[in-house]
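Participant: First the structure, then my questions, so here it is.
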Amino acid sequence: MQVAQLISEVLGEDVPVRVVAYDGSKAGPDSSDVALRILSPRALARLVTAPGTLGLARAYVTGEIEVEGDVYEVLDAMADLTLHDLSRAEQARLARRLLPLWLRHRQPPPALEYRPPGRLHSKARDEKAISHHYDVSNKFYEWVLGPSMAYTCAVYPTATSTLEEAQAAKFELVSQKLGLQPGMRLLDVGCGWGGMVMHAAAEHGVKALGVTLSANQAEWAQAEIARRGLGDLAEVRHLDYRDAPESEFDAISSIGLTEHIGKDQLPNYFRSLYERLRPGGRLLNHCITQPRTPLARKLDPFIARYVFPDGQLEPVGHLISVMNDAGFEVRHEENLREHYAMTLTGWCNNLEEHWDEAVAEVGLGRARVWRLYMAASRLGFERNNIQLHQVLGVKLLDQGRSGFPLRGW
């Protein structure tokens, strides 16, 4: 049984990329600019216990499969596989054929896989899940994200705008939607490295507080706030959003936090934000969503185990309904999924430009995780398998007054 033939069965008979295996076998078109190189029988053994995307990802992360050419191009060529796992019947048939290899070459899952302990979405477990992803290395994130240190979807004013211009445009868009004015008080939940907090303070004279469960983010953000001389207006605390001050804020931004909350916690999440707003105050919720109501509510297993433990995506309609039930009047929403694909392209390019430094900083396995995850996510946004929505809501004043102009924000 030739190895390349087996891999072709996983990828499909008309495999669109070259496959070159350690036993000398080949499959796929010789003219393809991209190739999968199967370097070890351990790669096939992984497909027994995890057929489809997770098994292939494990083999790539551990170096048992190598990609020749751009990872994004390989994933694009194999989109049906990378976005949809094999059926159970196909998994069982493949496992039976690979069983002898598994018995000789089986391996435990790579050490980089992580499942946080404790009760789902308890404060302790949420902090562990966030720390796993964000407390990697601030230096690594500086190389990937660029000077803005913004780890959320940018908003591109034009197709030729730079990543930094687009991140600044995103923060300004949020500011405009929230109607920020000098002297207002802003709460930014899940604030990352403080980009929104510093933008609100520096550009709009707003007293801004950010909270994050990542100690590394809070430390970096506070140092940057001091470096920019914004300490009188801006602050970032290492704190759960549930423990944020309960005083009345004029506005709340939530940029990339809702994905970590979990469906069952969403009503309490939006109610807690509603209670922290003054009447007339606005909430801007910016998060990744499902394009439709999913049959299964779990993330792709590779993303769930290597990147965002306990992450969960909901369709935008569900989020709007929960916001509405929490008391918000929803005033505006928009889908920015193409912008996220462009953002991820910028991050992928940054990683490749700093590949050697990134590997030295976080190790080859983790660098491979990021290369694979960002390329796959870019493809997901391009093909409408995931979306990015901003939803703007307001806590109404008395007699149903919103404080909004007749048109716009």
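All residue names refer to the structure tokens as shown: chains lettered A, B, ... in order, residues numbered from 1 in each chain, ligands numbered from 1 in order.
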Which residues are near A:Ile386? Cut-off 7 Å, only C-alpha atoms, ignore same chain within fewer than 2 positions. Put them as a list in words.
Facilitator: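 The residues that qualify are Ile288, Thr289, Gln290, Pro291, Gly380, Phe381 and Asn384 of chain A.
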Participant: I'd like the neighbourhood of stretch 119-126 of chain A as a PyMOL selection string, where a residue qualifies if any of its atoms comes within 12 Å (using only C-alpha atoms), though same-chain residues fewer than 2 positions away should be ignored.
Facilitator: chain A and resi 115-117+128-133+190+212-214+239-243+257+259-266+269+308-312
Participant: Can you pull out the residues contacting A:Ala45? Cut-off 6 Å, using only C-alpha atoms, and skip same-chain residues under 4 positions away; I want them as a PDB file with N, CA and C atoms, in the first residue's frame.
Facilitator:
ATOM      1  N   LEU A 101      -0.206   0.596  10.750  1.00  0.00           N
ATOM      2  CA  LEU A 101       0.745   1.699  10.946  1.00  0.00           C
ATOM      3  C   LEU A 101       0.582   2.323  12.325  1.00  0.00           C
ATOM      4  N   TRP A 102      -0.646   2.453  12.775  1.00  0.00           N
ATOM      5  CA  TRP A 102      -0.887   3.041  14.093  1.00  0.00           C
ATOM      6  C   TRP A 102      -0.282   2.179  15.193  1.00  0.00           C
ATOM      7  N   ARG A 106       2.234   4.759  16.729  1.00  0.00           N
ATOM      8  CA  ARG A 106       1.311   5.662  17.427  1.00  0.00           C
ATOM      9  C   ARG A 106       2.064   6.606  18.353  1.00  0.00           C
TER      10      ARG A 106
END
Participant: I'd like the contact shell of A:Pro108 - 12 Å cut-off, only C-alpha atoms, skipping same-chain residues fewer than 4 positions apart - returned as JSON, numbers by chain.
Facilitator: {"A": [42, 43, 45, 46, 49, 50, 55, 58, 59, 62, 102, 112, 113]}
Participant: With N, CA and C atoms kept, could you save the residues just selected as an mmCIF file, in the first residue's frame?
Facilitator:
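Generated output (part-v5.cif):
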data_model
loop_
_atom_site.group_PDB
_atom_site.id
_atom_site.type_symbol
_atom_site.label_atom_id
_atom_site.label_comp_id
_atom_site.auth_asym_id
_atom_site.auth_seq_id
_atom_site.Cartn_x
_atom_site.Cartn_y
_atom_site.Cartn_z
ATOM 1 N N ARG A 42 4.583 8.289 11.186
ATOM 2 C CA ARG A 42 3.802 8.803 12.323
ATOM 3 C C ARG A 42 2.670 9.720 11.843
ATOM 4 N N ALA A 43 2.895 10.379 10.693
ATOM 5 C CA ALA A 43 1.843 11.245 10.151
ATOM 6 C C ALA A 43 0.597 10.429 9.823
ATOM 7 N N ALA A 45 -0.163 7.481 11.157
ATOM 8 C CA ALA A 45 -0.696 6.936 12.405
ATOM 9 C C ALA A 45 -1.626 7.940 13.082
ATOM 10 N N ARG A 46 -1.334 9.216 12.954
ATOM 11 C CA ARG A 46 -2.189 10.236 13.576
ATOM 12 C C ARG A 46 -3.576 10.277 12.932
ATOM 13 N N THR A 49 -6.507 8.019 14.800
ATOM 14 C CA THR A 49 -7.254 8.539 15.954
ATOM 15 C C THR A 49 -7.872 9.904 15.678
ATOM 16 N N ALA A 50 -7.398 10.599 14.649
ATOM 17 C CA ALA A 50 -7.951 11.924 14.334
ATOM 18 C C ALA A 50 -7.977 12.114 12.823
ATOM 19 N N GLY A 55 -5.956 15.439 12.510
ATOM 20 C CA GLY A 55 -4.806 14.565 12.319
ATOM 21 C C GLY A 55 -3.747 15.189 11.435
ATOM 22 N N ARG A 58 -2.003 17.957 13.414
ATOM 23 C CA ARG A 58 -1.026 17.402 14.366
ATOM 24 C C ARG A 58 0.270 17.020 13.658
ATOM 25 N N ALA A 59 0.135 16.392 12.505
ATOM 26 C CA ALA A 59 1.327 15.973 11.772
ATOM 27 C C ALA A 59 2.124 17.184 11.281
ATOM 28 N N THR A 62 4.004 18.943 14.283
ATOM 29 C CA THR A 62 5.150 18.176 14.779
ATOM 30 C C THR A 62 6.225 17.965 13.727
ATOM 31 N N TRP A 102 -0.646 2.453 12.775
ATOM 32 C CA TRP A 102 -0.887 3.041 14.093
ATOM 33 C C TRP A 102 -0.282 2.179 15.193
ATOM 34 N N LEU A 112 1.524 20.713 22.567
ATOM 35 C CA LEU A 112 0.931 22.033 22.390
ATOM 36 C C LEU A 112 -0.594 22.025 22.469
ATOM 37 N N GLU A 113 -1.213 20.848 22.380
ATOM 38 C CA GLU A 113 -2.669 20.790 22.559
ATOM 39 C C GLU A 113 -3.011 21.122 24.007
#
Participant: Mind checking which residues fall within 9 Å of stretch 65-76 of chain A, counting only C-alpha atoms, ignoring those fewer than 4 positions away in the same chain, and posting them as a PyMOL selection string?
Facilitator: chain A and resi 16-17+33-40+43+56-61+80-82+371-372+374-376+378-379
Participant: Grab the atom CA of A:Gly192 to atom CA of A:Ala218 distance for me, in Å with one decimal place.
Facilitator: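 Those two atoms sit 7.6 Å apart.
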Participant: Mind listing the alpha helix (DSSP H) residues of stretch 172-389 of chain A, per DSSP on the backbone, as a VMD selection string?
Facilitator: chain A and resid 172 to 178 195 to 204 215 to 227 266 to 275 301 to 306 316 to 325 337 to 353 355 to 362 364 to 382
